[in-house]
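Asks: Hey, dropping entry_14.cif in here, mmCIF, C-alpha atoms:
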```
data_protein
loop_
_atom_site.label_atom_id
_atom_site.label_comp_id
_atom_site.auth_asym_id
_atom_site.auth_seq_id
_atom_site.Cartn_x
_atom_site.Cartn_y
_atom_site.Cartn_z
CA MET A 19 -39.07 49.93 -126.69
CA SER A 20 -42.86 49.89 -126.96
CA ALA A 21 -45.23 51.50 -124.45
CA GLU A 22 -46.17 47.99 -123.26
CA GLN A 23 -42.51 47.22 -122.47
CA VAL A 24 -42.07 50.54 -120.66
CA GLY A 25 -45.16 49.74 -118.57
CA LEU A 26 -43.87 46.26 -117.68
CA TRP A 27 -40.42 47.57 -116.69
CA ALA A 28 -42.01 50.36 -114.63
CA GLY A 29 -44.14 47.72 -112.88
CA PHE A 30 -41.00 45.63 -112.24
CA VAL A 31 -39.03 48.54 -110.74
CA LEU A 32 -41.98 49.71 -108.63
CA THR A 33 -42.56 46.15 -107.34
CA LEU A 34 -38.92 45.99 -106.18
CA MET A 35 -39.29 49.44 -104.61
CA VAL A 36 -42.35 48.28 -102.63
CA PHE A 37 -40.64 45.04 -101.54
CA SER A 38 -37.68 47.10 -100.28
CA TYR A 39 -39.92 47.81 -97.27
CA ILE A 40 -38.99 44.33 -95.98
CA LEU A 41 -35.58 45.87 -95.13
CA GLY A 42 -37.30 48.78 -93.33
CA ASP A 43 -39.06 52.03 -94.19
CA ASN A 44 -37.01 53.80 -96.87
CA PHE A 45 -37.05 56.45 -99.61
CA LEU A 46 -37.76 54.01 -102.47
CA TYR A 47 -40.76 52.46 -100.73
CA ARG A 48 -42.26 55.88 -99.98
CA LEU A 49 -41.69 56.99 -103.56
CA ALA A 50 -43.57 53.93 -104.85
CA VAL A 51 -46.42 54.55 -102.41
CA TYR A 52 -46.74 58.19 -103.52
CA VAL A 53 -46.78 57.06 -107.17
CA PHE A 54 -49.56 54.68 -106.21
CA VAL A 55 -51.53 57.42 -104.42
CA GLY A 56 -51.10 59.76 -107.40
CA LEU A 57 -52.21 57.16 -109.95
CA THR A 58 -55.17 56.16 -107.79
CA ALA A 59 -56.23 59.80 -107.36
CA GLY A 60 -55.99 60.31 -111.12
CA PHE A 61 -57.98 57.20 -111.99
CA ILE A 62 -60.64 57.97 -109.37
CA ALA A 63 -61.02 61.48 -110.82
CA VAL A 64 -61.31 60.11 -114.38
CA VAL A 65 -63.84 57.40 -113.47
CA THR A 66 -65.91 59.79 -111.33
CA VAL A 67 -66.13 62.38 -114.08
CA GLU A 68 -66.66 59.95 -116.96
CA SER A 69 -69.06 57.53 -115.28
CA VAL A 70 -71.12 59.73 -113.00
CA ILE A 71 -70.84 63.47 -113.54
CA LEU A 72 -70.75 63.75 -117.36
CA PRO A 73 -73.69 61.33 -117.90
CA TRP A 74 -75.67 63.28 -115.27
CA ILE A 75 -74.95 66.61 -116.99
CA ASP A 76 -75.82 65.07 -120.38
CA ALA A 77 -79.11 63.72 -119.07
CA THR A 78 -80.21 66.85 -117.23
CA ILE A 79 -78.46 70.19 -117.83
CA VAL A 80 -77.45 69.94 -121.50
CA ALA A 81 -80.10 67.43 -122.63
CA ASP A 82 -81.90 68.28 -125.90
CA ASN A 83 -85.06 70.29 -125.24
CA ALA A 84 -84.57 69.88 -121.49
CA PRO A 85 -87.27 71.69 -119.49
CA THR A 86 -86.17 74.23 -116.87
CA SER A 87 -87.14 71.81 -114.08
CA ASN A 88 -84.63 69.29 -115.48
CA VAL A 89 -81.87 71.89 -115.53
CA ILE A 90 -82.64 72.93 -111.95
CA LEU A 91 -82.65 69.27 -110.91
CA GLY A 92 -79.30 68.78 -112.61
CA LEU A 93 -77.82 71.71 -110.72
CA ILE A 94 -78.92 70.48 -107.26
CA PRO A 95 -75.91 68.15 -106.67
CA PHE A 96 -73.56 70.97 -107.70
CA ALA A 97 -75.30 73.34 -105.29
CA LEU A 98 -74.90 70.74 -102.54
CA GLY A 99 -71.21 70.44 -103.50
CA VAL A 100 -70.80 74.23 -103.17
CA LEU A 101 -72.46 74.04 -99.73
CA LEU A 102 -69.92 71.38 -98.77
CA LEU A 103 -67.10 73.72 -99.76
CA LEU A 104 -68.48 76.23 -97.23
CA LYS A 105 -67.54 73.80 -94.46
CA THR A 106 -63.98 75.17 -94.70
CA SER A 107 -65.30 78.53 -93.43
CA PRO A 108 -65.79 78.77 -89.63
CA ARG A 109 -68.75 81.19 -90.02
CA LEU A 110 -70.56 79.53 -92.94
CA GLY A 111 -69.51 75.96 -92.04
CA PRO A 112 -72.88 74.92 -90.54
CA VAL A 113 -74.58 75.61 -93.91
CA GLY A 114 -72.48 72.77 -95.37
CA ASN A 115 -74.11 70.40 -92.87
CA ILE A 116 -77.25 70.41 -95.04
CA SER A 117 -75.38 68.49 -97.77
CA ILE A 118 -74.00 66.04 -95.22
CA ALA A 119 -77.47 65.59 -93.70
CA PHE A 120 -78.96 64.89 -97.16
CA ILE A 121 -76.32 62.26 -97.95
CA ILE A 122 -76.61 60.66 -94.48
CA GLY A 123 -80.43 60.65 -94.54
CA VAL A 124 -80.71 58.87 -97.89
CA GLY A 125 -77.65 56.69 -97.18
CA THR A 126 -79.09 55.57 -93.85
CA ALA A 127 -82.34 54.45 -95.49
CA VAL A 128 -80.41 52.45 -98.11
CA ALA A 129 -78.15 50.90 -95.44
CA LEU A 130 -81.18 49.98 -93.31
CA VAL A 131 -82.98 48.22 -96.16
CA GLY A 132 -79.71 46.61 -97.31
CA ALA A 133 -78.94 45.28 -93.82
CA VAL A 134 -82.41 43.81 -93.35
CA ALA A 135 -83.11 42.52 -96.87
CA GLY A 136 -79.53 41.66 -97.80
CA VAL A 137 -78.09 40.22 -94.59
CA ILE A 138 -80.49 39.58 -91.70
CA ILE A 139 -83.32 37.85 -93.60
CA PRO A 140 -81.13 35.70 -95.93
CA LEU A 141 -78.76 34.62 -93.12
CA ALA A 142 -81.59 33.87 -90.69
CA ASP A 143 -83.33 31.95 -93.49
CA THR A 144 -80.22 29.91 -94.37
CA THR A 145 -79.55 29.11 -90.72
CA ALA A 146 -83.17 28.04 -90.17
CA GLU A 147 -83.09 25.89 -93.32
CA GLY A 148 -80.01 24.15 -91.95
CA VAL A 149 -82.08 22.95 -88.98
CA ASN A 150 -84.42 21.18 -91.40
CA ALA A 151 -81.46 19.01 -92.41
CA ASN A 152 -81.71 17.65 -88.85
CA THR A 153 -78.02 16.85 -88.43
CA VAL A 154 -75.79 17.46 -85.42
CA ASN A 155 -73.68 19.92 -87.38
CA SER A 156 -76.69 22.00 -88.43
CA TYR A 157 -77.79 22.32 -84.79
CA LEU A 158 -74.22 23.22 -83.82
CA VAL A 159 -74.22 26.00 -86.45
CA VAL A 160 -77.45 27.43 -85.01
CA ALA A 161 -76.00 27.23 -81.49
CA GLY A 162 -72.80 28.90 -82.73
CA VAL A 163 -74.70 31.77 -84.38
CA ILE A 164 -76.85 32.38 -81.28
CA SER A 165 -73.90 32.19 -78.86
CA SER A 166 -71.77 34.56 -80.97
CA LEU A 167 -74.68 37.05 -81.03
CA VAL A 168 -75.01 36.73 -77.23
CA TYR A 169 -71.26 37.41 -76.96
CA PHE A 170 -71.79 40.66 -78.91
CA GLN A 171 -74.50 42.01 -76.57
CA PHE A 172 -73.33 44.34 -73.82
CA LEU A 173 -76.28 44.26 -71.43
CA ALA A 174 -75.18 43.64 -67.85
CA LYS A 175 -76.44 44.14 -64.29
CA ARG A 176 -74.89 46.42 -61.70
CA ARG A 177 -74.35 44.50 -58.46
CA ALA A 178 -74.75 45.87 -54.94
CA ASP A 179 -70.97 46.25 -54.64
CA GLY A 180 -70.96 48.44 -57.77
CA GLN A 181 -69.43 45.82 -60.08
CA ILE A 182 -71.02 45.35 -63.49
CA ARG A 183 -71.46 41.69 -64.40
CA ARG A 184 -73.39 39.65 -66.93
CA GLY A 185 -75.91 37.09 -65.71
CA PRO A 186 -74.58 33.50 -65.37
CA VAL A 187 -76.53 32.13 -68.37
CA SER A 188 -75.49 35.02 -70.59
CA LEU A 189 -71.90 34.63 -69.36
CA VAL A 190 -71.70 30.90 -70.24
CA ILE A 191 -73.35 31.30 -73.66
CA GLY A 192 -71.25 34.40 -74.34
CA THR A 193 -68.04 32.50 -73.52
CA ILE A 194 -69.00 29.77 -76.00
CA GLY A 195 -69.71 32.54 -78.51
CA GLN A 196 -66.29 34.04 -77.82
CA GLY A 197 -64.74 30.65 -78.65
CA VAL A 198 -66.70 30.49 -81.91
CA ILE A 199 -65.54 34.00 -82.84
CA VAL A 200 -61.90 33.16 -81.98
CA VAL A 201 -62.03 30.04 -84.20
CA THR A 202 -63.60 32.12 -87.01
CA LEU A 203 -60.98 34.86 -86.74
CA GLY A 204 -58.19 32.22 -86.69
CA ALA A 205 -59.53 30.67 -89.91
CA LEU A 206 -59.97 34.10 -91.53
CA TYR A 207 -56.40 35.03 -90.53
CA ALA A 208 -55.12 31.80 -92.11
CA ALA A 209 -57.15 32.56 -95.26
CA ALA A 210 -55.62 36.06 -95.38
CA ILE A 211 -52.11 34.55 -95.08
CA LEU A 212 -52.85 32.06 -97.89
CA THR A 213 -54.27 34.81 -100.12
CA SER A 214 -51.32 37.13 -99.58
CA LEU A 215 -48.94 34.18 -100.13
CA THR A 216 -50.56 33.69 -103.54
CA ILE A 217 -50.01 37.38 -104.32
CA VAL A 218 -46.34 37.21 -103.19
CA SER A 219 -45.66 34.15 -105.35
CA GLU A 220 -47.31 35.87 -108.34
CA ARG A 221 -45.13 38.98 -107.81
CA LEU A 222 -41.97 36.89 -107.39
CA GLY A 223 -42.86 35.01 -110.59
CA PHE A 224 -43.28 38.37 -112.36
CA ILE A 225 -39.87 39.57 -111.08
CA PHE A 226 -38.08 36.40 -112.24
CA MET A 227 -39.84 36.53 -115.62
CA ARG A 228 -38.65 40.13 -116.11
CA ILE A 229 -35.09 39.20 -115.11
CA ASN A 230 -35.12 36.25 -117.52
CA GLY A 231 -36.45 38.57 -120.21
CA SER A 232 -39.64 36.60 -120.90
CA MET B 26 -85.30 74.57 -74.44
CA ARG B 27 -83.74 76.77 -77.14
CA ILE B 28 -84.04 75.44 -80.69
CA ARG B 29 -81.44 76.60 -83.21
CA PRO B 30 -83.12 76.99 -86.63
CA GLY B 31 -80.02 75.82 -88.57
CA ALA B 32 -79.65 72.66 -86.52
CA ALA B 33 -83.38 71.94 -86.75
CA LEU B 34 -83.27 72.36 -90.56
CA THR B 35 -80.32 69.94 -90.81
CA SER B 36 -82.13 67.34 -88.71
CA ALA B 37 -85.31 67.84 -90.76
CA VAL B 38 -83.36 67.29 -94.01
CA ALA B 39 -81.75 64.06 -92.75
CA ILE B 40 -84.94 62.64 -91.22
CA GLY B 41 -87.26 63.81 -94.01
CA PHE B 42 -85.22 62.53 -96.95
CA GLY B 43 -84.32 59.37 -95.01
CA VAL B 44 -87.97 58.51 -94.32
CA ILE B 45 -89.03 59.27 -97.94
CA THR B 46 -86.24 57.03 -99.29
CA LEU B 47 -87.09 54.27 -96.82
CA ALA B 48 -90.76 54.45 -97.80
CA GLY B 49 -89.84 54.35 -101.49
CA LEU B 50 -87.61 51.32 -101.03
CA LEU B 51 -90.16 49.44 -98.92
CA VAL B 52 -93.67 50.51 -99.88
CA SER B 53 -95.24 51.76 -103.07
CA ASP B 54 -94.29 52.52 -106.68
CA ASP B 55 -95.41 56.17 -106.37
CA VAL B 56 -92.92 56.88 -103.62
CA SER B 57 -90.21 54.74 -105.22
CA VAL B 58 -90.02 57.21 -108.15
CA ILE B 59 -89.07 59.92 -105.67
CA SER B 60 -86.65 57.65 -103.78
CA ASP B 61 -84.96 56.63 -107.07
CA LEU B 62 -84.48 60.32 -107.87
CA LEU B 63 -83.08 60.96 -104.38
CA LEU B 64 -80.66 58.05 -104.81
CA GLN B 65 -79.45 59.49 -108.15
CA LEU B 66 -78.98 62.90 -106.53
CA VAL B 67 -76.99 61.34 -103.68
CA VAL B 68 -74.77 59.37 -106.08
CA VAL B 69 -73.92 62.53 -108.05
CA THR B 70 -73.44 64.55 -104.85
CA ILE B 71 -71.04 61.90 -103.51
CA ALA B 72 -69.17 61.96 -106.85
CA ILE B 73 -68.78 65.74 -106.49
CA THR B 74 -67.68 65.22 -102.87
CA VAL B 75 -65.02 62.78 -104.09
CA LEU B 76 -63.77 65.37 -106.60
CA ILE B 77 -63.66 68.03 -103.86
CA GLY B 78 -61.62 65.59 -101.74
CA LEU B 79 -59.19 64.93 -104.61
CA LEU B 80 -58.90 68.67 -105.25
CA ASN B 81 -58.08 69.16 -101.58
CA LEU B 82 -55.43 66.39 -101.76
CA LEU B 83 -53.78 68.00 -104.79
CA THR B 84 -53.93 71.50 -103.21
CA VAL B 85 -52.30 70.28 -99.99
CA HIS B 86 -49.44 68.64 -101.92
CA LEU B 87 -49.06 71.66 -104.20
CA GLY B 88 -48.70 73.80 -101.05
CA ARG B 89 -46.00 71.43 -99.73
CA ILE B 90 -44.04 71.80 -102.98
CA PHE B 91 -44.25 75.61 -103.07
CA LYS B 92 -43.22 75.88 -99.40
CA THR B 93 -40.52 73.17 -99.94
CA GLN B 94 -41.68 71.50 -96.76
CA GLY B 95 -40.26 68.13 -95.69
CA GLY B 96 -41.22 65.38 -98.15
CA TRP B 97 -41.96 67.80 -100.99
CA VAL B 98 -40.27 65.39 -103.44
CA TYR B 99 -42.91 62.78 -102.63
CA SER B 100 -45.64 65.37 -103.20
CA LEU B 101 -44.12 66.25 -106.58
CA VAL B 102 -44.03 62.57 -107.58
CA MET B 103 -47.66 62.20 -106.48
CA LEU B 104 -48.81 65.23 -108.46
CA ILE B 105 -46.93 64.08 -111.58
CA SER B 106 -48.51 60.60 -111.31
CA ALA B 107 -52.02 62.03 -110.91
CA GLY B 108 -51.45 64.57 -113.69
CA LEU B 109 -50.09 61.86 -116.02
CA VAL B 110 -53.29 59.81 -115.71
CA ILE B 111 -55.57 62.83 -116.24
CA VAL B 112 -53.56 64.26 -119.17
CA LEU B 113 -53.24 60.86 -120.90
CA THR B 114 -56.99 60.24 -120.55
CA ILE B 115 -57.83 63.68 -121.98
CA LEU B 116 -55.43 63.15 -124.90
CA GLU B 117 -56.97 59.74 -125.61
CA ARG B 118 -60.56 61.02 -125.45
CA THR B 119 -59.72 63.90 -127.79
CA ASP B 120 -58.02 61.44 -130.21
CA VAL B 121 -54.65 63.20 -129.91
CA ILE B 122 -53.18 59.84 -128.85
CA GLU B 123 -54.48 56.89 -130.84
CA PRO B 124 -53.05 53.45 -130.00
CA ASP B 125 -52.31 51.12 -132.93
CA VAL B 126 -54.70 48.27 -133.68
CA GLY B 127 -54.22 45.46 -131.13
CA GLU B 128 -52.34 47.71 -128.71
CA ARG B 129 -53.64 48.97 -125.40
CA ALA B 130 -54.19 52.65 -124.73
CA PRO B 131 -51.43 54.30 -122.63
CA SER B 132 -53.83 54.90 -119.73
CA ALA B 133 -54.78 51.21 -119.78
CA ILE B 134 -51.07 50.27 -119.69
CA LEU B 135 -50.60 52.66 -116.77
CA LEU B 136 -53.51 51.02 -114.95
CA GLU B 137 -52.83 47.34 -115.70
CA SER B 138 -49.01 47.27 -115.72
CA VAL B 139 -48.06 49.98 -113.23
CA GLN B 140 -51.00 50.56 -110.88
CA VAL B 141 -51.88 46.86 -110.53
CA SER B 142 -48.18 45.99 -110.02
CA ILE B 143 -47.88 48.36 -107.06
CA GLU B 144 -51.23 47.17 -105.67
CA SER B 145 -50.15 43.53 -105.88
CA ALA B 146 -46.76 44.28 -104.33
CA LEU B 147 -48.46 46.10 -101.43
CA GLY B 148 -50.83 43.13 -101.10
CA GLY B 149 -47.78 40.88 -101.03
CA LEU B 150 -46.24 42.93 -98.21
CA VAL B 151 -49.32 42.08 -96.13
CA PHE B 152 -48.10 38.46 -96.16
CA PHE B 153 -44.94 39.38 -94.25
CA ALA B 154 -46.91 41.54 -91.81
CA LEU B 155 -49.44 38.74 -91.17
CA VAL B 156 -46.77 36.07 -90.63
CA TYR B 157 -44.81 38.39 -88.33
CA GLY B 158 -48.00 39.20 -86.41
CA ALA B 159 -48.87 35.51 -86.03
CA ALA B 160 -45.34 34.74 -84.79
CA ARG B 161 -45.49 37.53 -82.20
CA LEU B 162 -49.01 36.62 -81.03
CA MET B 163 -47.96 34.09 -78.41
CA ARG B 164 -44.73 35.80 -77.34
CA ARG B 165 -46.25 38.57 -75.26
CA ARG B 166 -48.89 36.68 -73.27
CA VAL B 167 -50.19 33.12 -73.55
CA THR B 168 -53.96 32.80 -73.05
CA TRP B 169 -56.42 30.01 -73.79
CA TRP B 170 -58.00 32.10 -76.52
CA GLY B 171 -54.55 32.74 -78.01
CA ILE B 172 -53.81 29.01 -78.02
CA LEU B 173 -57.18 28.27 -79.69
CA PHE B 174 -56.56 30.99 -82.30
CA THR B 175 -53.08 29.67 -83.10
CA ALA B 176 -54.28 26.06 -83.23
CA VAL B 177 -57.01 26.90 -85.75
CA LEU B 178 -54.54 29.03 -87.74
CA MET B 179 -52.06 26.15 -87.93
CA ILE B 180 -54.72 23.56 -88.81
CA VAL B 181 -56.03 25.67 -91.70
CA LEU B 182 -52.52 26.52 -92.95
CA ILE B 183 -51.20 22.94 -92.72
CA GLY B 184 -54.43 21.70 -94.29
CA ALA B 185 -53.69 23.86 -97.33
CA LEU B 186 -50.36 22.08 -97.93
CA PRO B 187 -50.33 19.71 -100.91
CA VAL B 188 -49.03 16.81 -98.77
CA SER B 189 -50.50 13.31 -98.58
CA GLY B 190 -51.16 11.53 -95.26
CA LEU B 191 -53.00 14.41 -93.63
CA SER B 192 -56.50 13.03 -94.08
CA ARG B 193 -57.37 13.23 -90.34
CA LEU B 194 -56.20 16.84 -90.17
CA LEU B 195 -58.11 17.66 -93.35
CA ASP B 196 -61.28 16.22 -91.77
CA VAL B 197 -60.78 18.47 -88.74
CA ARG B 198 -60.14 21.49 -90.99
CA ASP B 199 -63.24 20.78 -93.08
CA TRP B 200 -65.38 20.42 -89.93
CA LEU B 201 -63.96 23.67 -88.53
CA LEU B 202 -64.80 25.54 -91.73
CA GLU B 203 -68.22 23.93 -92.02
CA VAL B 204 -69.44 24.41 -88.46
CA PRO B 205 -67.78 26.95 -86.10
CA VAL B 206 -66.32 29.20 -88.83
CA SER B 207 -69.62 29.20 -90.72
CA ALA B 208 -71.50 29.98 -87.47
CA GLY B 209 -69.02 32.66 -86.42
CA SER B 210 -69.07 34.35 -89.84
CA ARG B 211 -72.87 34.44 -89.76
CA GLY B 212 -72.77 35.77 -86.21
CA ILE B 213 -70.33 38.55 -87.17
CA LEU B 214 -72.34 39.51 -90.27
CA LEU B 215 -75.62 39.45 -88.32
CA GLY B 216 -73.98 41.56 -85.57
CA ILE B 217 -72.85 44.15 -88.14
CA ALA B 218 -76.29 44.19 -89.78
CA LEU B 219 -78.08 44.57 -86.43
CA GLY B 220 -75.68 47.39 -85.53
CA THR B 221 -76.47 49.07 -88.87
CA VAL B 222 -80.21 48.75 -88.20
CA VAL B 223 -79.90 50.24 -84.71
CA THR B 224 -77.68 53.13 -85.88
CA GLY B 225 -79.93 53.75 -88.91
CA ALA B 226 -83.04 53.82 -86.75
CA ARG B 227 -81.34 56.25 -84.35
CA VAL B 228 -80.54 58.59 -87.27
CA LEU B 229 -84.07 58.39 -88.68
CA ILE B 230 -85.74 59.17 -85.34
CA GLY B 231 -83.30 62.02 -84.68
CA GLN B 232 -81.45 60.42 -81.74
CA ASP B 233 -78.11 60.40 -83.58
CA ARG B 234 -77.26 63.84 -85.01
CA SER B 235 -73.52 63.56 -85.55
CA TYR B 236 -73.91 65.12 -89.04
CA ARG B 237 -74.50 68.49 -87.36
CA GLU B 238 -70.98 68.68 -85.96
#
```
Kindly return the structure encoded in the file as structure tokens.

Replies:
Amino acid sequence: MSAEQVGLWAGFVLTLMVFSYILGDNFLYRLAVYVFVGLTAGFIAVVTVESVILPWIDATIVADNAPTSNVILGLIPFALGVLLLLKTSPRLGPVGNISIAFIIGVGTAVALVGAVAGVIIPLADTTAEGVNANTVNSYLVVAGVISSLVYFQFLAKRRADGQIRRGPVSLVIGTIGQGVIVVTLGALYAAAILTSLTIVSERLGFIFMRINGS
Amino acid sequence: MRIRPGAALTSAVAIGFGVITLAGLLVSDDVSVISDLLLQLVVVTIAITVLIGLLNLLTVHLGRIFKTQGGWVYSLVMLISAGLVIVLTILERTDVIEPDVGERAPSAILLESVQVSIESALGGLVFFALVYGAARLMRRRVTWWGILFTAVLMIVLIGALPVSGLSRLLDVRDWLLEVPVSAGSRGILLGIALGTVVTGARVLIGQDRSYRE
């Protein structure tokens, strides 16, 4: 039996083990999940080392005729990694926060620019362009977007009796927005069912093909 | 007010590097050289963080095996699976294992035939969970929003059936997808993006300092 055949039979057995969960949580299902976790951990380690860490070391620390500044630069992420390891110590733990702060600081800037340039401006632009089409549906889309955003805002007034309530206009628009969100989630749920149905039928096809020996 | 030097340094690192990166991404080429370098450093640091996390995972499971705690068999299976991938990859890279011409490498077989099979099967299980969840939705409490949700769910699902004579229903489904679903999706995405902007701004002005905990 070739390695390809062994792989296919292993996939077949593990698929059945995962589907055994339909009968309830059991030993075989857990075994398959732990195999999955192990394989994923292994592949993540391989990809991380081969695609990120080794190229970085090649380009900085062990590069031909690399100046000292390059070597120091190459060692910085490793130093930050060592600082992170200190977080396991109760006394030296706060020192590890410097690494976290560095990652969060740079990550926040990237997320900010990504949110504005990648989501807010393009979506606002597309929605505004739709109005130019001057159709009922395009106006309804704009109304739907605005009302769903109003639904997401949590500003409210405190009344004299201590109750916290939204204003009447905000309440009406927010309720329409809630309807829009419910319809969206219903459609997304249906799409998720259809997608997973496709996956199930593919897996069942694979199982029957293995049983038939093709 | 007492200022702790360590906490102040942490805040200064987050705010300082955040502002420099933001300036580099938005403003000039001179600063963008620095921000590109910072991004590279963060990518490598995150990669090292991932490795530390994996090392921690393996250590925890190794501990469970040595102490023969409950579920140690699962931990053993997990460690063997992870070790298999790493050992096979090392043997392939050092040319100890060389697949024949036209054959896939063992690690590729492990990925495409075994790993993807389990992933797909787990994805398939989601189908049963989703259908069960949808069936239970209306059993506990019937609300107008629940009825609307179920109606849309049914319209989209029935609309996906390859059956003739459903043209009116298909029109309704297409309108739903084109107007309210499109609007709602944009609203949700815009809400997430606005939330990201607010949280990001809070971090950069030092209002949110959860990284110090």

Asks: Nearest residue to A:Gly223 out of B:Ile40, B:Val197, B:Ala146, B:Leu83, using all atoms listed in the file?

Replies: B:Ala146

Asks: Please, what distance in Å, to one decimal, runs between atom CA of B:Leu51 and atom CA of A:Ala135?

Replies: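 Computed distance, atom CA of B:Leu51 to atom CA of A:Ala135, equals 10.1 Å.
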
Asks: Name the closest residue to B:Val44 among the candidates A:Pro73, A:Gly99, A:Pro85, A:Gly125; distances are taken between atoms, counting only C-alpha atoms.

Replies: A:Gly125

Asks: On this structure, which residues satisfy the PyMOL selection byres ((chain B and resi 111) around 12), written as a ChimeraX atom specification?

Replies: /A:56-68 /B:104-110,112-118,131-132,135

Asks: Neighbours of A:Leu102 within 10 Å (all atoms listed in the file; same-chain residues fewer than 6 positions away dropped), as an mmCIF file with C-alpha atoms, keeping the file's coordinate frame?

Replies:
```cif
data_model
loop_
_atom_site.group_PDB
_atom_site.id
_atom_site.type_symbol
_atom_site.label_atom_id
_atom_site.label_comp_id
_atom_site.auth_asym_id
_atom_site.auth_seq_id
_atom_site.Cartn_x
_atom_site.Cartn_y
_atom_site.Cartn_z
ATOM 1 C CA PHE A 96 -73.560 70.970 -107.700
ATOM 2 C CA GLY A 111 -69.510 75.960 -92.040
ATOM 3 C CA PRO A 112 -72.880 74.920 -90.540
ATOM 4 C CA VAL A 113 -74.580 75.610 -93.910
ATOM 5 C CA GLY A 114 -72.480 72.770 -95.370
ATOM 6 C CA ASN A 115 -74.110 70.400 -92.870
ATOM 7 C CA ILE A 116 -77.250 70.410 -95.040
ATOM 8 C CA SER A 117 -75.380 68.490 -97.770
ATOM 9 C CA ILE A 118 -74.000 66.040 -95.220
ATOM 10 C CA THR B 70 -73.440 64.550 -104.850
ATOM 11 C CA ILE B 73 -68.780 65.740 -106.490
ATOM 12 C CA THR B 74 -67.680 65.220 -102.870
ATOM 13 C CA ILE B 77 -63.660 68.030 -103.860
#
```
